[in-house]
file entry_6.csv (CSV, C-alpha atoms)
chain,number,residue,atom,x,y,z
A,1,MET,CA,58.0,198.6,155.2
A,2,THR,CA,57.3,202.3,155.8
A,3,LEU,CA,59.5,203.5,158.7
A,4,ASN,CA,57.9,205.2,161.6
A,5,PRO,CA,59.8,208.2,163.3
A,6,ARG,CA,61.5,205.9,165.9
A,7,GLN,CA,62.7,203.5,163.2
A,8,ARG,CA,63.9,206.3,161.1
A,9,ARG,CA,66.0,207.5,164.1
A,10,ILE,CA,67.4,204.0,164.6
A,11,LEU,CA,68.5,203.9,160.9
A,12,ASP,CA,70.0,207.4,161.1
A,13,ALA,CA,71.9,206.5,164.3
A,14,VAL,CA,73.3,203.4,162.7
A,15,ARG,CA,74.4,205.3,159.6
A,16,GLN,CA,76.2,207.8,161.7
A,17,GLN,CA,77.9,205.3,164.0
A,18,VAL,CA,78.3,202.3,161.6
A,19,THR,CA,77.6,199.9,164.4
A,20,VAL,CA,75.8,200.5,167.7
A,21,SER,CA,74.5,198.4,170.6
A,22,LEU,CA,70.8,197.8,171.2
A,23,GLU,CA,71.3,199.2,174.8
A,24,ALA,CA,72.8,202.4,173.4
A,25,LEU,CA,69.9,202.8,171.0
A,26,ALA,CA,67.4,202.2,173.8
A,27,LEU,CA,69.0,205.0,175.9
A,28,GLN,CA,69.2,207.4,172.9
A,29,LEU,CA,65.6,206.9,172.0
A,30,GLU,CA,64.3,206.7,175.6
A,31,VAL,CA,62.5,203.4,175.0
A,32,THR,CA,62.9,199.9,176.4
A,33,PRO,CA,65.4,197.4,174.8
A,34,GLN,CA,62.5,195.2,173.9
A,35,THR,CA,61.0,198.0,171.7
A,36,VAL,CA,64.4,198.5,170.0
A,37,ARG,CA,64.7,194.7,169.4
A,38,ARG,CA,61.2,194.6,167.8
A,39,ASP,CA,62.1,197.5,165.5
A,40,VAL,CA,65.5,196.1,164.6
A,41,LYS,CA,64.0,192.7,163.8
A,42,LEU,CA,61.5,194.3,161.4
A,43,MET,CA,64.2,196.4,159.8
A,44,GLU,CA,66.5,193.4,159.5
A,45,GLU,CA,63.8,191.4,157.7
A,46,ALA,CA,63.3,194.3,155.3
A,47,GLY,CA,67.1,194.3,154.6
A,48,LEU,CA,67.7,197.8,156.1
A,49,LEU,CA,69.9,196.6,159.0
A,50,ALA,CA,72.0,193.6,160.0
A,51,ARG,CA,72.5,192.1,163.4
A,52,TYR,CA,76.0,191.6,164.6
A,53,HIS,CA,77.4,190.2,167.9
A,54,GLY,CA,76.5,192.8,170.5
A,55,GLY,CA,74.8,195.2,168.2
A,56,VAL,CA,73.4,196.3,164.9
A,57,GLY,CA,74.9,197.8,161.8
A,58,LEU,CA,74.3,198.4,158.1
A,59,PRO,CA,73.7,195.5,155.8
A,60,SER,CA,76.3,194.3,153.3
A,61,SER,CA,77.8,196.8,150.9
A,62,VAL,CA,78.2,194.1,148.3
A,63,GLN,CA,74.6,192.7,148.1
A,64,ASN,CA,71.4,194.7,147.4
A,65,ILE,CA,68.1,194.1,149.1
A,66,ASP,CA,66.0,191.4,147.4
A,67,TYR,CA,63.9,192.8,144.5
A,68,SER,CA,60.6,191.6,146.0
A,69,ASP,CA,61.4,193.5,149.2
A,70,ARG,CA,62.5,196.7,147.3
A,71,GLN,CA,59.2,196.6,145.4
A,72,VAL,CA,57.3,197.4,148.6
A,73,LEU,CA,59.9,199.4,150.5
A,74,ASN,CA,58.9,203.1,150.7
A,75,VAL,CA,56.4,202.5,147.9
A,76,ASP,CA,54.4,205.6,148.8
A,77,ALA,CA,57.5,207.8,148.6
A,78,LYS,CA,58.4,206.2,145.2
A,79,ARG,CA,55.0,206.9,143.9
A,80,ARG,CA,55.2,210.6,145.0
A,81,ILE,CA,58.6,210.9,143.3
A,82,ALA,CA,57.2,209.3,140.1
A,83,SER,CA,54.3,211.8,140.1
A,84,ALA,CA,56.7,214.7,140.4
A,85,VAL,CA,58.8,213.3,137.5
A,86,ALA,CA,55.8,212.7,135.3
A,87,ALA,CA,54.6,216.3,135.9
A,88,GLN,CA,57.8,217.6,134.4
A,89,VAL,CA,58.2,215.2,131.5
A,90,PRO,CA,56.9,216.9,128.4
A,91,SER,CA,54.9,215.1,125.7
A,92,HIS,CA,56.7,214.2,122.5
A,93,CYS,CA,60.1,213.6,124.0
A,94,SER,CA,62.6,210.8,124.2
A,95,LEU,CA,63.7,209.0,127.4
A,96,LEU,CA,66.2,206.4,128.6
A,97,ILE,CA,65.0,204.6,131.7
A,98,ASN,CA,67.1,202.1,133.6
A,99,ILE,CA,66.6,199.3,136.2
A,100,GLY,CA,65.0,200.0,139.5
A,101,THR,CA,61.7,199.9,141.4
A,102,THR,CA,61.5,203.7,141.5
A,103,THR,CA,62.0,203.9,137.7
A,104,GLU,CA,59.2,201.4,137.4
A,105,GLU,CA,56.9,203.7,139.3
A,106,VAL,CA,57.9,206.5,137.0
A,107,ALA,CA,56.9,204.3,134.0
A,108,ARG,CA,53.4,203.8,135.6
A,109,ALA,CA,53.1,207.6,136.1
A,110,LEU,CA,53.9,208.1,132.4
A,111,VAL,CA,51.3,205.8,130.8
A,112,HIS,CA,49.0,208.7,129.8
A,113,HIS,CA,51.7,210.9,128.2
A,114,GLU,CA,51.6,211.4,124.5
A,115,GLY,CA,54.3,210.9,121.9
A,116,LEU,CA,56.9,209.4,124.2
A,117,HIS,CA,59.8,207.4,122.8
A,118,VAL,CA,61.2,205.3,125.6
A,119,VAL,CA,64.5,203.3,125.4
A,120,THR,CA,64.9,200.9,128.3
A,121,ASN,CA,66.9,198.0,129.6
A,122,ASN,CA,64.1,197.2,132.1
A,123,LEU,CA,61.6,194.5,131.0
A,124,ASN,CA,59.2,195.7,133.7
A,125,VAL,CA,59.3,199.3,132.4
A,126,ALA,CA,58.7,198.0,128.9
A,127,THR,CA,55.7,195.9,130.0
A,128,ILE,CA,54.1,198.8,131.9
A,129,LEU,CA,54.5,201.2,128.9
A,130,CYS,CA,54.0,198.9,125.9
A,131,ASP,CA,50.1,199.1,126.1
A,132,SER,CA,50.2,202.9,126.2
A,133,PRO,CA,48.9,204.2,122.9
A,134,GLY,CA,51.0,207.4,123.3
A,135,CYS,CA,54.3,205.6,123.8
A,136,GLU,CA,56.8,203.8,121.6
A,137,VAL,CA,59.0,201.4,123.6
A,138,ILE,CA,62.4,200.4,122.4
A,139,LEU,CA,63.9,197.5,124.4
A,140,ALA,CA,67.6,196.9,124.7
A,141,GLY,CA,69.1,193.5,124.0
A,142,GLY,CA,71.4,191.7,126.4
A,143,VAL,CA,71.4,189.3,129.3
A,144,VAL,CA,68.2,189.3,131.3
A,145,ARG,CA,68.6,189.1,135.1
A,146,GLY,CA,65.9,186.8,136.4
A,147,ARG,CA,65.6,188.4,139.8
A,148,ASP,CA,64.4,191.8,138.6
A,149,ARG,CA,64.0,191.5,134.7
A,150,GLY,CA,66.8,194.0,134.1
A,151,ILE,CA,68.9,193.7,130.9
A,152,VAL,CA,72.6,194.1,131.2
A,153,GLY,CA,75.9,193.4,129.5
A,154,GLU,CA,78.1,194.7,126.7
A,155,THR,CA,75.3,194.2,124.1
A,156,THR,CA,73.1,196.4,126.2
A,157,ILE,CA,75.7,199.2,126.3
A,158,ASP,CA,76.4,199.0,122.6
A,159,PHE,CA,72.6,199.3,121.9
A,160,ILE,CA,72.1,202.3,124.2
A,161,ARG,CA,75.0,204.1,122.6
A,162,GLN,CA,73.1,204.3,119.3
A,163,PHE,CA,70.7,206.8,120.9
A,164,LYS,CA,70.8,210.4,122.1
A,165,VAL,CA,67.7,211.2,124.2
A,166,ASP,CA,66.2,214.2,125.7
A,167,ILE,CA,66.1,212.9,129.3
A,168,GLY,CA,67.8,209.9,131.0
A,169,ILE,CA,65.9,208.8,134.1
A,170,ILE,CA,68.0,206.6,136.4
A,171,GLY,CA,67.6,205.0,139.8
A,172,ILE,CA,70.5,204.4,142.3
A,173,SER,CA,71.2,202.3,145.4
A,174,SER,CA,73.4,204.8,147.3
A,175,ILE,CA,74.1,208.5,147.4
A,176,GLU,CA,77.1,209.3,149.7
A,177,PRO,CA,77.5,212.6,151.5
A,178,ASP,CA,80.2,213.7,149.0
A,179,GLY,CA,77.8,213.2,146.1
A,180,THR,CA,79.2,209.8,144.9
A,181,LEU,CA,76.5,207.7,143.4
A,182,ARG,CA,76.9,203.9,144.0
A,183,ASP,CA,75.3,200.6,143.1
A,184,PHE,CA,75.9,196.9,143.5
A,185,ASP,CA,76.2,195.2,140.2
A,186,PRO,CA,79.1,196.3,137.9
A,187,ARG,CA,77.1,195.4,134.8
A,188,GLU,CA,74.2,197.5,135.9
A,189,VAL,CA,76.6,200.4,136.7
A,190,LYS,CA,78.1,200.3,133.2
A,191,VAL,CA,74.7,200.5,131.6
A,192,ALA,CA,73.7,203.4,133.8
A,193,GLN,CA,77.0,205.2,132.9
A,194,ALA,CA,76.1,204.7,129.2
A,195,ILE,CA,72.6,206.2,129.9
A,196,ILE,CA,74.2,209.3,131.5
A,197,GLU,CA,76.5,209.7,128.5
A,198,GLN,CA,73.7,209.4,126.0
A,199,SER,CA,71.2,211.8,127.7
A,200,ARG,CA,71.0,215.5,127.1
A,201,ALA,CA,69.6,215.9,130.7
A,202,VAL,CA,69.9,213.4,133.5
A,203,TRP,CA,67.2,213.0,136.2
A,204,LEU,CA,68.0,210.9,139.3
A,205,VAL,CA,65.1,209.4,141.2
A,206,ALA,CA,65.9,208.3,144.7
A,207,ASP,CA,63.9,208.1,148.0
A,208,HIS,CA,65.5,209.2,151.3
A,209,ASP,CA,66.7,205.7,152.2
A,210,LYS,CA,69.4,206.1,149.5
A,211,PHE,CA,71.1,209.0,151.4
A,212,GLY,CA,74.2,207.6,153.1
A,213,ARG,CA,73.5,204.0,152.2
A,214,GLN,CA,76.5,201.8,151.5
A,215,ALA,CA,77.1,200.1,148.1
A,216,LEU,CA,80.2,198.7,146.4
A,217,MET,CA,80.5,200.2,142.9
A,218,ARG,CA,81.0,203.9,142.0
A,219,MET,CA,78.6,204.8,139.2
A,220,ALA,CA,78.9,208.6,138.9
A,221,HIS,CA,78.9,211.8,140.8
A,222,ALA,CA,76.0,214.1,141.6
A,223,SER,CA,77.7,216.8,139.4
A,224,GLN,CA,76.8,214.6,136.4
A,225,ILE,CA,73.0,214.9,137.0
A,226,ASP,CA,70.7,217.8,136.4
A,227,VAL,CA,67.8,217.1,138.6
A,228,LEU,CA,67.4,215.0,141.8
A,229,PHE,CA,63.8,213.9,142.5
A,230,THR,CA,63.4,212.7,146.1
A,231,ASP,CA,60.9,212.7,148.9
A,232,ALA,CA,62.8,214.4,151.7
A,233,LYS,CA,65.4,217.1,152.2
A,234,PRO,CA,68.9,215.7,151.6
A,235,PRO,CA,71.4,215.8,154.6
A,236,GLU,CA,73.2,219.0,154.8
A,237,ALA,CA,76.6,217.7,153.6
A,238,LEU,CA,75.0,216.3,150.5
A,239,ALA,CA,72.7,219.3,150.0
A,240,ARG,CA,75.8,221.5,149.9
A,241,VAL,CA,77.4,219.3,147.2
A,242,LEU,CA,74.2,219.5,145.2
A,243,ARG,CA,74.0,223.3,145.5
A,244,GLU,CA,77.7,223.7,144.4
A,245,ALA,CA,77.0,221.4,141.4
A,246,LYS,CA,73.9,223.4,140.6
A,247,VAL,CA,71.7,220.3,140.7
A,248,ASN,CA,68.0,221.1,140.9
A,249,VAL,CA,66.4,219.2,143.9
A,250,VAL,CA,62.7,218.4,143.6
A,251,ILE,CA,61.2,217.2,146.8
A,252,ALA,CA,57.9,215.3,146.2
A,253,GLN,CA,55.3,216.2,148.8

call {"tool": "encode", "arguments": {"input": "entry_6.csv", "output": "structure tokens"}}
result
Amino acid sequence: MTLNPRQRRILDAVRQQVTVSLEALALQLEVTPQTVRRDVKLMEEAGLLARYHGGVGLPSSVQNIDYSDRQVLNVDAKRRIASAVAAQVPSHCSLLINIGTTTEEVARALVHHEGLHVVTNNLNVATILCDSPGCEVILAGGVVRGRDRGIVGETTIDFIRQFKVDIGIIGISSIEPDGTLRDFDPREVKVAQAIIEQSRAVWLVADHDKFGRQALMRMAHASQIDVLFTDAKPPEALARVLREAKVNVVIAQ
């Protein structure tokens, strides 16, 4: 779903207060409780919120939103981010691209580039780019996750460590206010860490819903990336961390 301004305020309020009652949300937004219930129901179905006794809170920090839901969640924002990335990827360079619906949109935006060498542990990225005459795709081995066609495991990490690429393009599930980057699957986290290590420059692609979201596993810190591509201005605490780390923030319009 694409959030309207009221739903965006609901999500922001829950992130600030952890849990909040529907009545308090209705008062804060100056709408009826029935309106809040409808919004919360839609957001719960999209995996953005969870209903608890007497209120609403953030979903589990140990389980990601289903892949099929993530494919359509904020898709316009992800496409804008992908276009901004593609505009800065030069022809005739090497890339490492990891698992994620945003990185898959980046792959779609790169199909007309020339002379790319793309190493990926994402079967969807490989499928998108393999028909591009200007792209050579190198697919990592390992265990294929059926739910999203990502490839993970020690074999994947060993494979990635054979390369040193110009740009690593990674997605993420959570960016905390202190700049900590988090995700859900420890195997996916280890592969992303290897991509960071083997990339001369690291570009993070993340839409605004990743700001302040909860996730279990620490992957890295914002100081380890060079560019953040997003679709909205980061919250002030995170923006300060990014400035101090000299991370270039590109906001896709």

call {"tool": "atom_distance", "arguments": {"input": "entry_6.csv", "atom1": "CA of Cys93 (chain A)", "atom2": "CA of Val118 (chain A)"}}
result
8.5 Å

call {"tool": "atom_distance", "arguments": {"input": "entry_6.csv", "atom1": "CA of Val165 (chain A)", "atom2": "CA of Pro90 (chain A)"}}
result
12.9 Å

call {"tool": "residues_around", "arguments": {"input": "entry_6.csv", "residues": "Asn124 (chain A)", "least_positions_apart": "5", "cutoff": "12 Å", "atoms": "all atoms listed in the file", "output": "list of chain:residue names"}}
result
A:Gln71, A:Ile97, A:Asn98, A:Ile99, A:Gly100, A:Thr101, A:Thr102, A:Thr103, A:Glu104, A:Glu105, A:Val106, A:Ala107, A:Arg108, A:Leu129, A:Cys130, A:Val137, A:Leu139, A:Val144, A:Arg145, A:Gly146, A:Arg147, A:Asp148, A:Arg149, A:Gly150, A:Ile151

call {"tool": "closest_residue", "arguments": {"input": "entry_6.csv", "among": "A:Leu58, A:Ile251, A:Leu123, A:Ile170", "to": "Gly212 (chain A)", "atoms": "all atoms listed in the file"}}
result
A:Leu58

call {"tool": "atom_distance", "arguments": {"input": "entry_6.csv", "atom1": "CA of Glu176 (chain A)", "atom2": "CA of His208 (chain A)"}}
result
11.7 Å

call {"tool": "residues_around", "arguments": {"input": "entry_6.csv", "residues": "Asp183 (chain A)", "least_positions_apart": "3", "cutoff": "8 Å", "atoms": "only C-alpha atoms", "output": "list in words"}}
result
Ile172, Ser173, Ser174, Pro186, Glu188, Val189, Ala215, Leu216, Met217, Arg218 and Met219 of chain A

call {"tool": "closest_residue", "arguments": {"input": "entry_6.csv", "among": "A:Asp39, A:Asp185, A:Asp158, A:Asp178", "to": "Glu236 (chain A)", "atoms": "only C-alpha atoms"}}
result
A:Asp178

call {"tool": "closest_residue", "arguments": {"input": "entry_6.csv", "among": "A:Ala192, A:Ile175, A:Leu3, A:Leu96", "to": "Val75 (chain A)", "atoms": "all atoms listed in the file"}}
result
A:Leu3
